[in-house]
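Since the structure comes first, as structure tokens, the remarks are kept for the end.
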Amino acid sequence: MSDQRLFAAALLNPDVPCPDGLTAWNDSDPTRRFAVYRNNVIVSLIDALADTFPVTQELVGEEFFRAMAGVFVRQAPPTSAQLVEYGEGLPTFITQFEPASTVPYLADVARLEMLRIRAFHAADADPLTPEQITQALADPTRLPLLQVGCHPSLNVLNSRYAIVSLWAAHQGIGDLASVNPALPEIALVIRVGLEVQVIALPPGGDVLIAGFAAGLPLGEAAGLAIATHPDFDLTAHLALLLRCGALSSFSLPTEVPS
Amino acid sequence: MSKTLTSTTLSAAALALALGSALTLTTAPAVGADMEKCFGVALKGKNDCAAGPGTTCAGTSKADYQGGAWKNVPKGSCEKTASPTSPTGHGQLAAFAEKKS
């Protein structure tokens, strides 16, 4: 193992002794100096996770969260220099983390919070203008074939738990005690301007958006949503998506199906 | 890409109606407010200016308490949250086996 790898391994594992050959500028004990540095590394990474997952932390309390995050940090230290992306693996870690199993919705709330960070840093895209939509409506026979491009920040999270209500209750919206976490909810996460928004999507909205993302033409994506959710209200869904600027382009496939 | 449209494909007329109505709904402010009620408000976070970690100097004052912290069980707001899968109705102070519904 290289010196650098030994040093890094010792940083993450307090049972590994201070690496050999370290000296301090002022003749203080390198073992102590190394312990300080080791503490700073772990604590700063836990702090980073606490910044990304504030509601996750509130749900289980700071002490529990920091202890859990400490285990995660040692198991999965950052692999990118961009700290903002750190924590992508935390939700999955939570699902396997036995002490957190009493809070079954915790992992999905963490997923939602990670999506908010991703949405914040996603690329910009202009939403469809009323003129573009009017233009598409002028040739209705082509409508079913149109491919719909979504805003780069848009993500949908389909959960068995009431993640939107739980998250909202921690923003001072609604009463936490009246939230039934066992009710499934679909979260739509999108950045509107510079603001990341979380919207509860009615059932079927996830199917429609997944269809768009998979490149299905409008007619097929809408048909699929209706087939899976008979009371699917396409008008309301399209209005919601247009209103938050979720749809950014209409295009025809280069090869028009015969 | 040549994709044959399946039988679930919605007709041009139905799509035109839906998209046309949606356009009307989004451009009329009064109805826009109603839509808000239908779908629940678009929620934003308390700290929407926060771009995530990495922008501040790492804290150095907190101690990294590891190891034995596992004795702790979650004790944040999840205790105030109803839990139909919990035998007690809510409160998750101690581990419980999830009730199968």
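Note on naming: chains are A, B, ... as they come in the structure tokens, residues start from 1 per chain, ligands start from 1 in the order shown.
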* Name all residues at most 8 Å from stretch 175-192 of chain A (count only C-alpha atoms; drop same-chain ones fewer than 5 positions away) and give them as number ranges by chain. => A: 105, 112, 115-116, 119-120, 151, 153-166, 169-170, 197-203, 206, 244-246; B: 80-85
Go ahead and save the residues from that selection, with C-alpha atoms, as a PDB file, in the first residue's frame.
ATOM      1  CA  TYR A 105     -39.929   6.287   5.229  1.00  0.00           C
ATOM      2  CA  LEU A 112     -36.273  13.477  -2.014  1.00  0.00           C
ATOM      3  CA  LEU A 115     -33.207  15.198  -5.721  1.00  0.00           C
ATOM      4  CA  ARG A 116     -33.606  18.766  -4.480  1.00  0.00           C
ATOM      5  CA  ALA A 119     -32.427  19.941  -9.246  1.00  0.00           C
ATOM      6  CA  PHE A 120     -30.667  23.008  -7.879  1.00  0.00           C
ATOM      7  CA  HIS A 151     -36.745  20.371 -17.920  1.00  0.00           C
ATOM      8  CA  SER A 153     -34.010  19.560 -13.260  1.00  0.00           C
ATOM      9  CA  LEU A 154     -37.234  17.549 -13.297  1.00  0.00           C
ATOM     10  CA  ASN A 155     -37.330  14.341 -11.310  1.00  0.00           C
ATOM     11  CA  VAL A 156     -40.154  12.182 -10.008  1.00  0.00           C
ATOM     12  CA  LEU A 157     -40.018  10.047  -6.905  1.00  0.00           C
ATOM     13  CA  ASN A 158     -42.750   7.483  -6.415  1.00  0.00           C
ATOM     14  CA  SER A 159     -42.889   6.453  -2.782  1.00  0.00           C
ATOM     15  CA  ARG A 160     -44.906   4.053  -0.655  1.00  0.00           C
ATOM     16  CA  TYR A 161     -44.844   6.793   1.961  1.00  0.00           C
ATOM     17  CA  ALA A 162     -46.207  10.307   2.297  1.00  0.00           C
ATOM     18  CA  ILE A 163     -42.830  11.880   1.550  1.00  0.00           C
ATOM     19  CA  VAL A 164     -44.182  15.187   0.238  1.00  0.00           C
ATOM     20  CA  SER A 165     -46.402  15.724   3.277  1.00  0.00           C
ATOM     21  CA  LEU A 166     -43.616  14.674   5.645  1.00  0.00           C
ATOM     22  CA  ALA A 169     -44.477  19.469   7.547  1.00  0.00           C
ATOM     23  CA  HIS A 170     -40.808  20.188   8.252  1.00  0.00           C
ATOM     24  CA  GLN A 197     -40.030  23.124  -5.724  1.00  0.00           C
ATOM     25  CA  VAL A 198     -41.591  19.929  -4.448  1.00  0.00           C
ATOM     26  CA  ILE A 199     -45.050  19.151  -5.762  1.00  0.00           C
ATOM     27  CA  ALA A 200     -47.321  16.240  -4.886  1.00  0.00           C
ATOM     28  CA  LEU A 201     -48.211  14.611  -8.172  1.00  0.00           C
ATOM     29  CA  PRO A 202     -51.567  12.855  -8.585  1.00  0.00           C
ATOM     30  CA  PRO A 203     -51.332   9.157  -9.534  1.00  0.00           C
ATOM     31  CA  ASP A 206     -45.264   9.522 -12.805  1.00  0.00           C
ATOM     32  CA  CYS A 244     -44.155  24.850 -13.401  1.00  0.00           C
ATOM     33  CA  GLY A 245     -42.225  24.979 -16.667  1.00  0.00           C
ATOM     34  CA  ALA A 246     -41.634  21.233 -16.641  1.00  0.00           C
TER      35      ALA A 246
ATOM     36  CA  LYS B  80     -44.398  12.837  16.560  1.00  0.00           C
ATOM     37  CA  THR B  81     -45.304  11.243  13.285  1.00  0.00           C
ATOM     38  CA  ALA B  82     -48.137   8.757  13.183  1.00  0.00           C
ATOM     39  CA  SER B  83     -47.032   5.281  12.280  1.00  0.00           C
ATOM     40  CA  PRO B  84     -49.800   2.875  11.363  1.00  0.00           C
ATOM     41  CA  THR B  85     -47.209   0.140  11.013  1.00  0.00           C
TER      42      THR B  85
END
* Could you pull out the strand (DSSP E or B) residues of stretch 80-208 of chain A from DSSP and send them as a list in words? ->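 DSSP on the backbone gives strand (DSSP E or B) at Gln147, Val148, Gly149, Cys150, Asn155, Val156, Leu157, Asn158, Ser159, Glu185, Ile186, Ala187, Leu188, Val189, Ile190, Arg191, Val192, Glu195, Val196, Gln197, Val198, Ile199, Ala200 and Leu201 of chain A.
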* Asked: Between A:Val148, A:Val60, A:Ile94, A:Ala81, which has the minimum distance to chain B (counting only C-alpha atoms)?
  ->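 The answer is A:Val60, which sits nearest to chain B.
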* To do: Tell me which protein, DNA and RNA residues are within 9 Å of B:Thr9, counting only C-alpha atoms, leaving out same-chain ones fewer than 6 positions away, and put them as JSON, numbers by chain.
  => {"A": [144, 217, 218, 219, 220, 221, 222, 223, 224]}
* Skip stretch 140-142 of chain A itself and residues of its chain fewer than 3 positions away, then list as a PyMOL selection string all residues within 8 Å of it, counting only C-alpha atoms. => (chain A and resi 136-137+145-146) or (chain B and resi 12-13+15-16)
Every residue of stretch 190-222 of chain A that DSSP places in alpha helix (DSSP H), as an mmCIF file with N, CA, C and O atoms, in the first residue's frame:
data_model
loop_
_atom_site.group_PDB
_atom_site.id
_atom_site.type_symbol
_atom_site.label_atom_id
_atom_site.label_comp_id
_atom_site.auth_asym_id
_atom_site.auth_seq_id
_atom_site.Cartn_x
_atom_site.Cartn_y
_atom_site.Cartn_z
ATOM 1 N N GLY A 205 -49.241 10.649 -12.959
ATOM 2 C CA GLY A 205 -48.305 11.678 -13.410
ATOM 3 C C GLY A 205 -46.910 11.104 -13.574
ATOM 4 O O GLY A 205 -46.161 11.497 -14.480
ATOM 5 N N ASP A 206 -46.575 10.164 -12.705
ATOM 6 C CA ASP A 206 -45.264 9.522 -12.805
ATOM 7 C C ASP A 206 -45.157 8.716 -14.100
ATOM 8 O O ASP A 206 -44.115 8.707 -14.755
ATOM 9 N N VAL A 207 -46.273 8.071 -14.480
ATOM 10 C CA VAL A 207 -46.262 7.271 -15.711
ATOM 11 C C VAL A 207 -46.083 8.175 -16.930
ATOM 12 O O VAL A 207 -45.286 7.886 -17.831
ATOM 13 N N LEU A 208 -46.810 9.285 -16.923
ATOM 14 C CA LEU A 208 -46.728 10.236 -18.040
ATOM 15 C C LEU A 208 -45.300 10.757 -18.204
ATOM 16 O O LEU A 208 -44.737 10.744 -19.300
ATOM 17 N N ILE A 209 -44.705 11.185 -17.101
ATOM 18 C CA ILE A 209 -43.360 11.771 -17.162
ATOM 19 C C ILE A 209 -42.308 10.715 -17.508
ATOM 20 O O ILE A 209 -41.393 10.968 -18.291
ATOM 21 N N ALA A 210 -42.496 9.504 -16.962
ATOM 22 C CA ALA A 210 -41.560 8.428 -17.313
ATOM 23 C C ALA A 210 -41.652 8.134 -18.807
ATOM 24 O O ALA A 210 -40.633 7.837 -19.446
ATOM 25 N N GLY A 211 -42.855 8.235 -19.347
ATOM 26 C CA GLY A 211 -43.044 8.033 -20.786
ATOM 27 C C GLY A 211 -42.292 9.083 -21.596
ATOM 28 O O GLY A 211 -41.578 8.753 -22.546
ATOM 29 N N PHE A 212 -42.431 10.345 -21.183
ATOM 30 C CA PHE A 212 -41.701 11.420 -21.860
ATOM 31 C C PHE A 212 -40.195 11.152 -21.801
ATOM 32 O O PHE A 212 -39.490 11.283 -22.785
ATOM 33 N N ALA A 213 -39.742 10.786 -20.607
ATOM 34 C CA ALA A 213 -38.302 10.588 -20.405
ATOM 35 C C ALA A 213 -37.785 9.428 -21.249
ATOM 36 O O ALA A 213 -36.640 9.442 -21.700
ATOM 37 N N LEU A 218 -46.134 11.646 -27.343
ATOM 38 C CA LEU A 218 -47.167 12.168 -26.448
ATOM 39 C C LEU A 218 -48.395 11.255 -26.368
ATOM 40 O O LEU A 218 -48.897 10.958 -25.274
ATOM 41 N N GLY A 219 -48.870 10.801 -27.526
ATOM 42 C CA GLY A 219 -50.075 9.964 -27.553
ATOM 43 C C GLY A 219 -49.888 8.678 -26.781
ATOM 44 O O GLY A 219 -50.789 8.224 -26.063
ATOM 45 N N GLU A 220 -48.701 8.106 -26.905
ATOM 46 C CA GLU A 220 -48.437 6.837 -26.242
ATOM 47 C C GLU A 220 -48.226 7.030 -24.737
ATOM 48 O O GLU A 220 -48.723 6.245 -23.927
ATOM 49 N N ALA A 221 -47.499 8.083 -24.366
ATOM 50 C CA ALA A 221 -47.263 8.353 -22.940
ATOM 51 C C ALA A 221 -48.583 8.637 -22.229
ATOM 52 O O ALA A 221 -48.842 8.120 -21.130
ATOM 53 N N ALA A 222 -49.443 9.440 -22.875
ATOM 54 C CA ALA A 222 -50.739 9.764 -22.277
ATOM 55 C C ALA A 222 -51.625 8.518 -22.230
ATOM 56 O O ALA A 222 -52.320 8.274 -21.235
#
* May I ask for the distance between atom CA of A:Leu241 and atom CA of B:Ala14, given in Å to one decimal place? => 17.7 Å
